[in-house]
Every structure is written in C-alpha cells, then in structure tokens.
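Student: This is my_file16.cif (mmCIF, C-alpha atoms).
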data_target
#
loop_
_atom_site.label_atom_id
_atom_site.label_comp_id
_atom_site.auth_asym_id
_atom_site.auth_seq_id
_atom_site.Cartn_x
_atom_site.Cartn_y
_atom_site.Cartn_z
CA MET A 1 -1.61 -1.76 -3.93
CA SER A 2 0.63 -4.17 -2.08
CA GLY A 3 3.81 -2.83 -0.52
CA ILE A 4 6.91 -4.22 1.12
CA ARG A 5 7.44 -3.64 4.82
CA THR A 6 10.64 -2.05 6.11
CA ASN A 7 12.39 -5.20 7.34
CA ALA A 8 11.78 -7.06 4.08
CA ALA A 9 12.84 -4.05 2.03
CA ALA A 10 16.02 -3.68 4.07
CA GLU A 11 16.80 -7.35 3.62
CA LEU A 12 16.25 -7.10 -0.11
CA LEU A 13 18.81 -4.30 -0.29
CA GLY A 14 21.18 -5.93 2.19
CA VAL A 15 21.06 -3.07 4.67
CA SER A 16 19.66 -2.54 8.13
CA PRO A 17 16.19 -1.00 8.56
CA ASN A 18 17.89 2.00 10.20
CA THR A 19 20.05 2.53 7.12
CA LEU A 20 16.99 2.38 4.89
CA ARG A 21 15.20 4.97 7.02
CA SER A 22 18.30 7.17 7.05
CA TRP A 23 18.32 7.18 3.23
CA GLU A 24 14.71 8.28 3.25
CA ARG A 25 15.58 11.18 5.59
CA ARG A 26 18.72 12.17 3.70
CA PHE A 27 17.78 11.49 0.07
CA ASP A 28 13.99 11.19 0.24
CA TYR A 29 14.46 7.86 -1.52
CA PRO A 30 13.30 5.16 -1.58
CA ARG A 31 10.04 6.82 -0.70
CA PRO A 32 7.60 4.49 1.03
CA ARG A 33 3.88 4.95 1.35
CA ARG A 34 2.41 4.84 4.83
CA THR A 35 -0.34 2.51 5.91
CA ALA A 36 -3.21 3.80 8.02
CA GLY A 37 -1.21 2.58 11.01
CA GLY A 38 1.85 4.60 9.91
CA HIS A 39 3.94 1.65 8.73
CA ARG A 40 6.20 2.16 5.74
CA GLN A 41 5.41 0.23 2.57
CA TYR A 42 8.03 0.22 -0.17
CA GLU A 43 7.46 -0.40 -3.84
CA LEU A 44 9.24 -3.43 -5.23
CA ALA A 45 10.08 -1.61 -8.47
CA GLU A 46 11.84 1.16 -6.57
CA LEU A 47 13.81 -1.30 -4.46
CA GLU A 48 14.84 -3.31 -7.50
CA ALA A 49 15.93 -0.16 -9.28
CA LEU A 50 18.01 0.88 -6.32
CA ARG A 51 19.52 -2.57 -5.86
CA ARG A 52 20.68 -2.58 -9.47
CA ALA A 53 21.92 0.99 -9.34
CA LEU A 54 24.02 0.23 -6.26
CA TYR A 55 26.07 -2.17 -8.39
CA GLU A 56 26.53 0.40 -11.12
CA THR A 57 28.05 3.15 -8.99
CA HIS A 58 30.68 3.58 -6.29
CA ASN A 59 28.58 5.61 -3.84
CA ILE A 60 25.09 5.61 -2.45
CA SER A 61 23.97 9.10 -3.48
CA SER A 62 24.84 8.40 -7.13
CA ALA A 63 23.03 5.07 -6.99
CA ILE A 64 19.96 6.77 -5.63
CA GLU A 65 20.15 9.40 -8.33
CA VAL A 66 20.43 6.71 -11.01
CA ALA A 67 17.48 4.77 -9.58
CA ARG A 68 15.39 7.91 -9.24
CA GLN A 69 16.08 9.08 -12.79
CA ARG A 70 15.57 5.68 -14.26
CA GLY A 71 12.29 5.59 -12.45
CA GLU A 72 12.06 1.83 -12.82
CA GLY A 73 8.89 -0.10 -13.27
CA PRO A 74 6.50 0.90 -15.96
CA SER A 75 5.50 3.73 -13.66
CA SER A 76 4.84 4.12 -9.99
CA ALA A 77 3.14 6.26 -7.40
CA SER A 78 6.57 7.49 -6.31
CA ARG A 79 7.45 8.66 -9.81
CA LEU A 80 4.15 10.49 -10.04
CA THR A 81 4.82 12.07 -6.65
CA ASP A 82 8.27 13.14 -7.87
CA ALA A 83 6.61 14.80 -10.86
CA PHE A 84 4.27 16.72 -8.53
CA ASP A 85 7.22 17.71 -6.36
CA ARG A 86 8.91 19.18 -9.43
CA PHE A 87 5.65 20.86 -10.49
CA ASP A 88 6.15 19.05 -13.77
CA GLU A 89 2.75 18.26 -15.27
CA GLY A 90 4.36 16.89 -18.42
CA ALA A 91 6.23 14.31 -16.37
CA ALA A 92 3.01 13.43 -14.54
CA ASP A 93 1.29 12.91 -17.90
CA ARG A 94 4.12 10.65 -19.02
CA VAL A 95 4.00 8.53 -15.86
CA LEU A 96 0.34 7.74 -16.39
CA GLU A 97 0.75 7.23 -20.13
CA GLU A 98 3.49 4.71 -19.39
CA SER A 99 1.25 3.06 -16.84
CA LEU A 100 -1.59 2.80 -19.34
CA ALA A 101 0.74 0.91 -21.67
CA VAL A 102 0.91 -1.95 -19.18
CA ARG A 103 -2.06 -1.46 -16.86
CA SER A 104 -5.77 -0.90 -17.35
CA VAL A 105 -7.29 2.48 -16.55
CA ASP A 106 -8.72 1.03 -13.33
CA ARG A 107 -5.38 -0.35 -12.17
CA THR A 108 -3.61 2.86 -13.14
CA VAL A 109 -6.03 4.80 -10.97
CA GLU A 110 -5.72 2.42 -8.03
CA GLU A 111 -2.02 1.56 -8.19
CA VAL A 112 -0.51 4.83 -9.34
CA LEU A 113 -2.81 7.85 -9.21
CA LEU A 114 -4.62 7.48 -5.87
CA PRO A 115 -1.57 6.25 -3.90
CA ALA A 116 0.45 9.18 -5.26
CA ILE A 117 -2.19 11.63 -4.10
CA GLU A 118 -2.19 10.04 -0.66
CA MET A 119 1.62 10.24 -0.54
CA VAL A 120 1.55 13.93 -1.41
CA GLU A 121 -1.17 14.62 1.15
CA ALA A 122 0.65 12.78 3.91
CA ARG A 123 3.50 15.26 3.96
CA GLU A 124 3.56 18.44 5.99
CA GLY A 125 4.23 21.80 4.40
CA ARG A 126 3.61 20.71 0.80
CA GLU A 127 0.33 22.52 0.23
CA ALA A 128 1.37 23.84 -3.18
CA GLU A 129 2.34 20.37 -4.38
CA GLN A 130 -0.89 18.98 -2.93
CA GLU A 131 -2.99 21.51 -4.78
CA LEU A 132 -1.23 20.84 -8.07
CA ALA A 133 -1.61 17.09 -7.56
CA SER A 134 -5.29 17.37 -6.77
CA ARG A 135 -6.09 19.67 -9.70
CA TRP A 136 -4.02 17.61 -12.11
CA ALA A 137 -5.61 14.33 -10.94
CA THR A 138 -9.08 15.83 -11.23
CA GLY A 139 -8.33 16.87 -14.80
CA TRP A 140 -6.95 13.45 -15.64
CA LEU A 141 -9.99 11.66 -14.22
CA HIS A 142 -12.37 13.98 -16.08
CA ALA A 143 -10.50 13.41 -19.33
CA SER A 144 -10.66 9.65 -18.78
CA ARG A 145 -14.38 9.84 -18.06
CA ARG A 146 -14.99 11.49 -21.39
CA THR A 147 -13.42 8.57 -23.22
CA VAL A 148 -15.69 5.97 -21.60
CA PRO A 149 -18.04 4.37 -24.16
CA ALA A 150 -21.77 4.99 -23.92
CA PRO A 151 -23.51 3.08 -21.09
CA SER A 152 -24.18 -0.55 -21.86
CA ARG A 153 -26.66 -0.92 -19.02
CA THR A 154 -29.93 0.85 -18.40
CA HIS A 155 -29.16 1.17 -14.71
CA GLY A 156 -28.30 4.57 -13.31
CA VAL A 157 -26.30 5.29 -10.17
CA LEU A 158 -26.54 8.53 -8.24
CA LEU A 159 -23.39 9.29 -6.22
CA LEU A 160 -23.86 11.66 -3.31
CA ASP A 161 -20.48 13.14 -2.48
CA SER A 162 -19.70 14.61 0.94
CA SER A 163 -15.95 15.02 0.38
CA GLN A 164 -14.18 18.26 1.11
CA ARG A 165 -12.65 20.37 -1.59
CA ARG A 166 -9.53 18.81 -3.09
CA ASP A 167 -8.92 16.10 -0.48
CA HIS A 168 -8.02 12.58 -1.55
CA GLU A 169 -11.54 11.35 -0.72
CA SER A 170 -12.82 13.72 -3.37
CA LEU A 171 -10.54 12.01 -5.90
CA HIS A 172 -11.66 8.61 -4.68
CA VAL A 173 -15.23 9.68 -5.44
CA GLN A 174 -14.28 10.83 -8.94
CA ALA A 175 -12.40 7.58 -9.46
CA LEU A 176 -15.48 5.69 -8.31
CA GLU A 177 -17.64 7.47 -10.85
CA LEU A 178 -15.14 6.63 -13.58
CA ALA A 179 -15.12 2.95 -12.57
CA ILE A 180 -18.92 2.82 -12.45
CA ARG A 181 -19.16 4.33 -15.92
CA ARG A 182 -16.52 1.96 -17.21
CA ALA A 183 -18.64 -0.88 -15.81
CA GLY A 184 -21.42 0.26 -18.15
CA PHE A 185 -23.67 2.14 -15.72
CA ARG A 186 -25.13 5.58 -16.20
CA SER A 187 -24.00 7.84 -13.37
CA LEU A 188 -24.48 11.25 -11.88
CA LEU A 189 -22.22 12.71 -9.20
CA LEU A 190 -23.76 15.36 -6.94
CA SER A 191 -22.67 17.06 -3.79
CA SER A 192 -24.53 15.64 -0.82
CA ASP A 193 -25.16 19.07 0.68
CA LEU A 194 -27.38 20.22 -2.18
CA PRO A 195 -30.86 21.23 -1.03
CA PRO A 196 -33.18 18.19 -1.10
CA GLU A 197 -35.46 19.68 -3.77
CA ARG A 198 -32.55 19.91 -6.22
CA VAL A 199 -31.48 16.35 -5.49
CA ALA A 200 -35.11 15.34 -6.06
CA ARG A 201 -35.09 16.90 -9.55
CA ALA A 202 -31.90 15.03 -10.42
CA MET A 203 -33.40 11.79 -9.14
CA ARG A 204 -36.47 12.16 -11.31
CA ALA A 205 -34.23 12.74 -14.35
CA VAL A 206 -31.77 9.90 -13.67
CA ASP A 207 -34.17 7.41 -12.09
CA PRO A 208 -31.32 5.72 -10.24
CA THR A 209 -31.12 2.00 -9.69
CA ALA A 210 -28.87 2.67 -6.71
CA PHE A 211 -27.64 5.52 -4.54
CA VAL A 212 -24.10 5.64 -3.18
CA PHE A 213 -23.04 7.78 -0.23
CA CYS A 214 -19.38 8.61 -0.62
CA GLY A 215 -16.78 11.22 0.32
CA GLY A 216 -16.41 10.45 3.99
CA HIS A 217 -17.61 13.71 5.53
CA ALA A 218 -21.40 13.39 5.69
CA THR A 219 -23.20 13.89 8.95
CA LEU A 220 -25.89 11.56 10.17
CA ASP A 221 -28.39 14.37 9.87
CA LEU A 222 -27.47 14.97 6.23
CA LEU A 223 -27.74 11.31 5.34
CA GLY A 224 -31.07 11.07 7.12
CA ARG A 225 -32.47 13.94 5.08
CA LEU A 226 -31.12 12.47 1.85
CA VAL A 227 -32.71 9.09 2.52
CA TYR A 228 -35.94 10.86 3.40
CA THR A 229 -35.79 12.81 0.12
CA ILE A 230 -35.06 9.64 -1.84
CA ARG A 231 -38.09 7.88 -0.40
CA GLN A 232 -40.29 10.99 -0.67
CA VAL A 233 -39.62 11.12 -4.39
CA GLY A 234 -40.89 7.58 -4.54
CA SER A 235 -37.62 5.86 -5.31
CA ALA A 236 -37.25 2.40 -3.83
CA ALA A 237 -33.66 2.08 -5.05
CA PRO A 238 -31.22 0.79 -2.45
CA VAL A 239 -28.63 2.97 -0.77
CA PHE A 240 -24.97 1.94 -0.51
CA GLU A 241 -21.93 3.46 1.07
CA TYR A 242 -18.38 3.67 -0.25
CA ARG A 243 -15.17 3.80 1.82
CA GLU A 244 -16.97 3.81 5.16
CA SER A 245 -18.88 6.99 4.45
CA MET A 246 -21.56 6.24 7.02
CA PRO A 247 -20.94 8.45 10.06
CA VAL A 248 -22.03 5.68 12.39
CA THR A 249 -20.26 2.69 13.83
CA GLY A 250 -21.74 -0.71 14.36
CA ASP A 251 -24.62 -2.22 12.45
CA HIS A 252 -26.62 -0.22 9.97
CA SER A 253 -28.68 -1.19 6.98
CA ILE A 254 -26.44 0.42 4.37
CA PRO A 255 -24.31 -2.17 2.57
CA SER A 256 -20.77 -1.20 1.67
CA LEU A 257 -19.40 -1.20 -1.85
CA GLY A 258 -15.87 -1.52 -0.48
CA ALA A 259 -12.87 0.77 -0.44
CA THR A 260 -11.61 0.88 -4.03
CA PRO A 261 -13.28 1.98 -7.26
CA THR A 262 -12.88 -1.41 -8.94
CA GLU A 263 -14.21 -3.27 -5.93
CA ALA A 264 -17.21 -0.95 -5.80
CA ALA A 265 -18.01 -1.34 -9.50
CA GLU A 266 -17.69 -5.12 -9.27
CA ARG A 267 -19.96 -5.32 -6.23
CA LEU A 268 -22.52 -3.10 -7.90
CA LYS A 269 -22.49 -5.28 -11.00
CA ALA A 270 -22.85 -8.39 -8.83
CA TYR A 271 -25.85 -6.89 -6.99
CA VAL A 272 -27.55 -5.95 -10.24
CA ASP A 273 -26.76 -9.11 -12.18
CA SER A 274 -27.80 -11.44 -9.36
CA GLY A 275 -31.06 -9.63 -8.70
CA ARG A 276 -30.03 -8.98 -5.09
CA LEU A 277 -30.85 -5.27 -5.35
CA GLU A 278 -34.52 -6.06 -4.67
CA GLN A 279 -33.60 -7.93 -1.50
CA ILE A 280 -31.65 -4.93 -0.23
CA VAL A 281 -34.53 -2.63 -1.04
CA ALA A 282 -36.87 -4.80 1.02
CA THR A 283 -34.47 -4.72 3.96
CA GLN A 284 -33.87 -1.00 3.77
CA ARG A 285 -37.59 -0.18 3.68
CA PHE A 286 -37.81 -1.51 7.20
CA GLN A 287 -34.50 -0.13 8.44
CA ASP A 288 -34.29 3.35 6.96
CA GLU A 289 -35.63 4.62 10.25
CA SER A 290 -32.31 3.71 11.83
CA ILE A 291 -30.45 6.39 9.89
CA ARG A 292 -33.24 9.00 9.55
CA LEU A 293 -32.58 11.03 12.61
CA PRO A 294 -34.23 14.34 13.35
CA ALA A 295 -32.11 17.46 12.91
CA MET B 1 39.13 -8.36 -8.81
CA GLY B 2 37.61 -11.50 -7.42
CA THR B 3 36.40 -13.19 -4.30
CA ASP B 4 39.97 -13.63 -3.08
CA ALA B 5 40.65 -9.91 -3.42
CA PRO B 6 40.32 -7.69 -0.37
CA ARG B 7 37.02 -5.91 0.02
CA PHE B 8 36.49 -2.51 1.59
CA CYS B 9 33.87 0.18 2.18
CA SER B 10 33.98 3.20 -0.12
CA ARG B 11 33.24 5.52 2.81
CA CYS B 12 34.90 4.23 5.96
CA GLY B 13 37.44 1.88 4.39
CA ALA B 14 36.48 -0.94 6.76
CA PRO B 15 37.41 -4.37 5.43
CA GLU B 16 34.52 -6.74 4.78
CA PRO B 17 34.67 -10.43 3.89
CA PRO B 18 33.06 -11.46 0.59
CA SER B 19 29.26 -11.81 0.83
CA GLN B 20 26.14 -10.81 -1.03
CA ARG B 21 26.18 -7.48 0.78
CA ARG B 22 26.63 -4.32 -1.23
CA ILE B 23 26.31 -1.78 1.56
CA CYS B 24 28.86 -1.55 4.36
CA PRO B 25 27.42 -3.06 7.56
CA ALA B 26 29.86 -1.05 9.66
CA CYS B 27 28.88 2.49 8.62
CA GLY B 28 25.89 1.98 6.30
CA LYS B 29 27.17 4.89 4.20
CA GLY B 30 29.36 3.28 1.57
CA VAL B 31 29.26 0.52 -1.00
CA LEU B 32 31.55 -2.49 -0.70
CA LEU B 33 34.19 -2.72 -3.40
CA PHE B 34 36.88 -5.26 -4.19
CA ALA B 35 40.41 -4.01 -4.55
CA GLY B 36 42.22 -5.30 -7.62
CA ARG B 37 43.65 -8.81 -7.36
CA GLY B 38 47.02 -8.66 -5.62
CA GLU B 39 46.46 -5.04 -4.72
CA GLN B 40 46.15 -3.51 -1.30
CA ALA B 41 42.82 -2.27 -0.02
CA PRO B 42 42.69 1.03 1.86
CA ALA B 43 43.07 0.92 5.60
CA ARG B 44 40.03 1.47 7.80
CA GLY B 45 39.59 5.24 8.08
CA GLY B 46 42.02 5.82 5.22
CA ALA B 47 41.92 8.81 2.87
CA PHE B 48 41.12 7.67 -0.65
CA VAL B 49 38.86 8.36 -3.58
CA VAL B 50 37.37 6.10 -6.21
CA CYS B 51 37.31 7.41 -9.74
CA THR B 52 35.89 6.35 -13.05
CA GLY B 53 38.20 5.30 -15.85
CA GLU B 54 38.27 8.96 -16.94
CA LEU B 55 39.49 9.88 -13.45
CA HIS B 56 36.29 11.62 -12.49
CA VAL B 57 35.55 11.25 -8.79
CA SER B 58 32.87 8.66 -8.06
CA ALA B 59 33.31 8.13 -4.31
CA VAL B 60 35.15 9.94 -1.53
CA SER B 61 36.08 8.33 1.77
CA GLU B 62 35.17 10.16 4.94
CA ALA B 63 38.83 10.79 5.67
CA ALA B 64 39.39 12.19 2.17
CA GLU B 65 36.58 14.68 2.69
CA ARG B 66 39.01 16.60 4.90
CA LEU B 67 40.94 17.31 1.72
CA LEU B 68 38.29 17.37 -0.96
CA GLY B 69 35.30 18.70 0.92
CA PRO B 70 31.90 17.00 1.06
CA GLU B 71 31.53 14.03 -1.24
CA GLU B 72 28.48 15.52 -2.96
CA ARG B 73 30.56 18.46 -4.19
CA ALA B 74 33.43 16.34 -5.44
CA LEU B 75 31.38 13.70 -7.28
CA GLY B 76 31.74 13.85 -11.04
CA ARG B 77 34.63 16.31 -10.98
CA PRO B 78 37.99 15.48 -12.57
CA LEU B 79 40.31 14.30 -9.79
CA MET B 80 43.20 16.42 -11.01
CA GLU B 81 41.10 19.56 -10.61
CA LEU B 82 40.89 18.78 -6.93
CA VAL B 83 44.31 17.53 -5.90
CA ASP B 84 47.92 17.91 -6.94
CA GLU B 85 49.82 14.87 -8.12
CA ALA B 86 51.82 15.17 -4.95
CA ALA B 87 48.70 14.28 -2.98
CA ILE B 88 48.47 10.85 -4.57
CA ALA B 89 50.21 8.09 -2.68
CA ARG B 90 49.16 5.08 -4.71
CA VAL B 91 46.81 4.15 -7.55
CA GLY B 92 45.06 0.83 -7.98
CA THR B 93 41.88 -0.65 -9.32
CA CYS B 94 38.61 -1.57 -7.67
CA GLY B 95 35.02 -2.42 -8.38
CA PRO B 96 32.40 -3.32 -9.36
CA PRO B 97 31.84 -1.32 -11.44
CA PRO B 98 35.45 -1.05 -12.59
CA GLY B 99 37.07 1.99 -11.06
CA VAL B 100 40.35 3.54 -10.09
CA LEU B 101 41.29 3.50 -6.42
CA VAL B 102 43.38 6.52 -5.54
CA MET B 103 45.04 6.52 -2.11
CA LEU B 104 45.87 9.97 -0.84
CA ARG B 105 49.08 10.81 0.92
CA GLU B 106 48.62 11.57 4.60
CA PRO B 107 48.73 13.84 6.45
CA LEU B 108 46.39 15.71 4.14
CA GLN B 109 47.45 19.24 5.03
CA ASP B 110 48.82 21.36 2.21
CA LEU B 111 47.75 18.94 -0.51
CA ARG B 112 44.61 20.82 -1.44
CA LYS B 113 44.07 22.33 -4.85
CA GLU B 114 41.12 24.68 -4.42
CA ALA B 115 39.07 21.83 -3.06
CA PRO B 116 35.36 22.66 -3.18
CA GLY B 117 34.10 23.83 0.15
CA VAL B 118 37.52 23.68 1.79
CA ARG B 119 39.85 26.64 2.03
CA LYS B 120 43.54 26.21 1.71
CA ARG B 121 45.12 27.21 4.99
#
Spell out the structure here as structure tokens.

Tutor:
Amino acid sequence: MSGIRTNAAAELLGVSPNTLRSWERRFDYPRPRRTAGGHRQYELAELEALRRALYETHNISSAIEVARQRGEGPSSASRLTDAFDRFDEGAADRVLEESLAVRSVDRTVEEVLLPAIEMVEAREGREAEQELASRWATGWLHASRRTVPAPSRTHGVLLLDSSQRRDHESLHVQALELAIRRAGFRSLLLSSDLPPERVARAMRAVDPTAFVFCGGHATLDLLGRLVYTIRQVGSAAPVFEYRESMPVTGDHSIPSLGATPTEAAERLKAYVDSGRLEQIVATQRFQDESIRLPA
Amino acid sequence: MGTDAPRFCSRCGAPEPPSQRRICPACGKGVLLFAGRGEQAPARGGAFVVCTGELHVSAVSEAAERLLGPEERALGRPLMELVDEAAIARVGTCGPPPGVLVMLREPLQDLRKEAPGVRKR
C-alpha cells in the first residue's frame, strides 16, 4: 500500500511536520504506518478526512474526533486498527465488509488487513489487542478461503510455513494460501517443522507442482532436510520462497515469489503458464546441494 | 466574514493574514478563524471562547482555560453553565464554520461559575 511521507502530509494539512507528530502523540491521530526504516506513512483518506473536518469545527480535538468517527475512505488499515483497539470485532467486520464493496478480496487483504496487523504489532504494550487482531484476522482469512471456488487448475502447491504463532508473517502465509487458491491452484499449508515422513505422506497425496517456503523463521538445516525429503519422495517440483524466507543471504537457487500474496500468485501463474517451471527444476537439480547442509 | 475581516487563532489569539492555512502557524494548537466583518478579533493571548449558534462551547483560548478549565472538559457544554453573564465582555461572530465569539472580561478572577476542573477561590 502506498503511503504519504510526513512532510507531504504536513503540507497537505497546512501544518508543520512537528505539529503533525504532536497530534499523533496527543490524539493518536492521524495514525501513520511505519516503513521498515521507521519512516511514517500516512493514509491519504485519513488526511483528507482530517482536512475537511478542520473546516467543520473550531478546534483541533473536535476535528480529529469528527475525522476519526467518520472514518473516511471506504475503509482503511487505521480504521481496522481502531476497531482492534476498542476490542470491537463487529466494527472490524464492518470495516472489511465496506472494503469488499469497493476492493477485491486480494486488495482488501493487502491494503487493509495485513497493514492493520502490522500497525497493531508495531506498538509496545498492546499484547491483548495484538492477540485479538491476530485471531480475528485468522478467522477472517479462513472464512474467505472457504468461499473460494473449486480449483480451476490441476496444479497443487505445498506451502511449508515456518512462521511463529500469531505473528504477522503467519498471517502473510495464510493470505498467500488464500491468494493461491483464488488463482485456481490446489494448495496445502503445512508447518515446516513437521517430521519429514509426515511431509512425505502429504506430498504423495497432493503431488505438488511447486513448493513454497514461507513464514520467515526457517533455519538452513530445516530447509535442507525439507528439500532432501522432497527429492527423496521423488518429486522434481521446484522450490520457491516467499517474503525472503531463505535464511541465507546472497545467491541461492530458490526463486522468490515476492513479498505480497497477489504478487506471489501472479508469479506462480506466470511460471506455470509459460512452462518455465521445468527450467527451474533443471536448475535446482544441480543446485540443491547449496542449501542441503548437514545438521 | 470575509478575506478583509481580521483572522485569529482559536487557541492563542494570534492574528494571521488570510491564506490557505487552517492551523495557526504560531502555536500549532488552534484553527484560524475570521472575525465577523467590521468586528474586532481577540487580542493575542486574549481570553475568549468560540461557541456554536446554540452557545455550546466549541473552542477555548489558552487564556480562557484559566477560567473554564481545560478545553477538553469545556467543549460541548453550554457556555452559561460555565460563566456568569458578568464574565462576558463582548460577543461577536466568527468562522468558518459560523460561530459565536465570546470575549471574556479580564482579569478572570471571580468570574467562575463552577468551571470544570477549576475551583472557585
């Protein structure tokens, strides 16, 4: 999701960046997301709402209250975060329902749900809100998965998830599975720390066209054993990673599916439809050694 | 109200020439309002409140907080619950949005009427 940096946001509201930051401290609004580098990124809808509200009231706190209640934009990550902060699951439901009226499921996940979870997680001392947000988001993603039509492709994808319990990477993985299913693939999501023999049984049942390492917490040893298991079972399907899940830096033979669910589903479709999967398989047969390290 | 009317900050009372700004550049805490055409704007640091047409408080200057208590507690309350008529020095108009500008008589001592958060001495 694109955001507006502090200076531009301040200019849009006709205030100094310091004033904008002071409102955030005092009123917790507008509430920017943070980039990986810690920079604030404001939502245009929130800024527009506040700009309008400032002309409808005689003081700043009332304007902020008006903008917050109005919750401008069809829906936003900030509104969803507000709902979590109030422990109001009904409000959270409404935010995403409103979003679905104007956005696709994929865009709702990427522009509202996942950013809201990251906003909640970024704050100190909000463990209760974080747990509610994570559980609620998990439920929402599961419910959405159940409404996906039957697979339109014969290809299966096995997702091997190394995320930790209830962190935002875990929700990214669930969102990835939803996007892959919505793209017409069969999918199975398994924890990457399952014993190899159990993964092997699942592989025989699913006969995956591709494997995806995801979740961000796998060790090199674990990945090595999984690749070994995959090849031992006789599968020649290529292995991908999602959101930099490979615990190595520099070159490796595992292509990335990107950092967002939609991007990953699109890349997977492109690989399959262009017949490039076979090329990757050929490459990985020679390079699997590079990630199969001894324990 | 219009571009030739005086403009002031709802918090610090500082005058501000007409511009696209809505927030006071001097204090960053108030919105900029026009006084009614031909009317006098508050002085910088003056004690005044802005009210809705129903005379419910919608902004309190920093100086007026000495009489009315913190702005947050006064907002939305009927003005006459907070001050006696004797406390009012002058009434005018301001905006946008249209409002009533109420200048308070100074010094503020002994004008309180059970102001929230402020005890009558």

Student: Compute the chain B side of the contact with chain A at 9 Å, counting only C-alpha atoms, and hand it back as an MDAnalysis selection string.

Tutor: chainID B and resid 10:11 20:25 27:33 50:52 58:60 72 75 95:97 99

Student: Just so the selection is clear, what residues does the PyMOL selection byres ((chain A and resi 161) around 9) cover here, as a PyMOL selection string?

Tutor: chain A and resi 159-160+162-164+170+173+189-193+212-218

Student: Expanded to explicit residues, what is the PyMOL selection byres ((chain B and resi 63) around 10) for this file, as number ranges by chain?

Tutor: B: 11-13, 44-49, 60-62, 64-69, 104, 106, 108

Student: Residues within 9 Å of Arg79 (chain A), please, as a list of chain:residue names. Count only C-alpha atoms; anything in the same chain fewer than 2 positions from it doesn't count.

Tutor: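 Contacts, with the query itself left out: A:Arg68, A:Gly71, A:Glu72, A:Ser75, A:Ser76, A:Ala77, A:Thr81, A:Asp82, A:Ala83, A:Phe84, A:Ala91, A:Ala92, A:Val95, A:Val112, A:Ala116.
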
Student: Can you translate the PyMOL selection byres ((chain A and resi 153) around 12) into the concrete residues it hits in this file, as a short mmCIF file (atom, residue, chain, number, x, y, z; two decimals) with C-alpha atoms, keeping the file's coordinate frame?

Tutor:
data_model
loop_
_atom_site.label_atom_id
_atom_site.label_comp_id
_atom_site.auth_asym_id
_atom_site.auth_seq_id
_atom_site.Cartn_x
_atom_site.Cartn_y
_atom_site.Cartn_z
CA PRO A 149 -18.04 4.37 -24.16
CA ALA A 150 -21.77 4.99 -23.92
CA PRO A 151 -23.51 3.08 -21.09
CA SER A 152 -24.18 -0.55 -21.86
CA THR A 154 -29.93 0.85 -18.40
CA HIS A 155 -29.16 1.17 -14.71
CA GLY A 156 -28.30 4.57 -13.31
CA VAL A 157 -26.30 5.29 -10.17
CA ILE A 180 -18.92 2.82 -12.45
CA ARG A 181 -19.16 4.33 -15.92
CA ARG A 182 -16.52 1.96 -17.21
CA ALA A 183 -18.64 -0.88 -15.81
CA GLY A 184 -21.42 0.26 -18.15
CA PHE A 185 -23.67 2.14 -15.72
CA ARG A 186 -25.13 5.58 -16.20
CA SER A 187 -24.00 7.84 -13.37
CA PRO A 208 -31.32 5.72 -10.24
CA THR A 209 -31.12 2.00 -9.69
CA LYS A 269 -22.49 -5.28 -11.00
CA VAL A 272 -27.55 -5.95 -10.24
CA ASP A 273 -26.76 -9.11 -12.18
#

Student: Excluding same-chain residues fewer than 3 positions from region 34-37 of chain B, what lies within 6 Å of it counting only C-alpha atoms, as a list in words?

Tutor: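 Using only C-alpha atoms, the neighbours found are Met1, Ala5, Pro6, Arg7, Ala41, Thr93, Cys94 and Gly95 of chain B.
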
Student: Considering all atoms listed in the file, state which residue in the set A:Arg103, A:Glu65, A:Ala265, A:Met119 is at the smallest distance from Arg31 (chain A).

Tutor: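 Nearest to Arg31 (chain A): A:Met119.
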
Student: Ranking A:Leu220, A:Ala210, A:Gly38, A:Ile4 by minimum distance to Leu257 (chain A) and counting all atoms listed in the file, which one comes first?

Tutor: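 Closest residue, counting all atoms listed in the file: A:Ala210.
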
Student: In terms of the shortest atom-to-atom distance over all atoms listed in the file, which of A:Val239, A:Glu43, A:Ala259, A:Arg26 is closest to Glu110 (chain A)?

Tutor: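 Comparing A:Val239, A:Glu43, A:Ala259, A:Arg26 against Glu110 (chain A), the winner is A:Ala259.
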
Student: So how many Å separate CA of Gly53 (chain B) and CA of Phe27 (chain A), to one decimal?

Tutor: 26.6 Å

Student: Given the choices A:Tyr42, A:Tyr29, A:Trp140, A:Phe211, which gets closest to Glu89 (chain A) if the distance is worked out from all atoms listed in the file?

Tutor: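 With all atoms listed in the file as the atom set, the closest residue is A:Trp140.
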
Student: Please measure the separation of CA of Ala200 (chain A) and CA of Thr147 (chain A), giving the value in Å to one decimal.

Tutor: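 CA of Thr147 (chain A) lies at a distance of 28.5 Å from CA of Ala200 (chain A).
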
Student: To one decimal in Å, tell me the separation between CA of Gln69 (chain A) and CA of Glu98 (chain A).

Tutor: 14.9 Å

Student: Taking all atoms listed in the file into account, name the residue in A:Glu48, A:Glu177, A:Glu127, A:Glu241 that is nearest to His142 (chain A).

Tutor: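 That would be A:Glu177, the residue with the smallest distance to His142 (chain A).
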
Student: Name all residues at most 10 Å from Ala128 (chain A) (count all atoms listed in the file; drop same-chain ones fewer than 6 positions away) and give them as an MDAnalysis selection string.

Tutor: chainID A and resid 84:85 87 134

Student: Using only C-alpha atoms, pick whichever of A:Val105, A:Leu223, A:Ala8, A:Ile64 has the shortest atom-to-atom distance to Ala143 (chain A).

Tutor: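 Result for the nearest residue to Ala143 (chain A): A:Val105.
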
Student: Name all residues at most 9 Å from Gln130 (chain A) (count all atoms listed in the file; drop same-chain ones fewer than 4 positions away) and give them as a list in words.

Tutor: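 My list of contacting residues is Phe84, Asp85, Ile117, Val120, Glu121, Arg123, Arg126, Ser134, Arg135, Arg166 and Asp167 of chain A.
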
Student: Env of Thr260 (chain A): 9 Å cut, atoms = only C-alpha atoms, seq-sep filter 6 positions within chain, self excluded. Answer as a list in words.

Tutor: Glu110, His172, Ala175, Leu176, Tyr242 and Arg243 of chain A
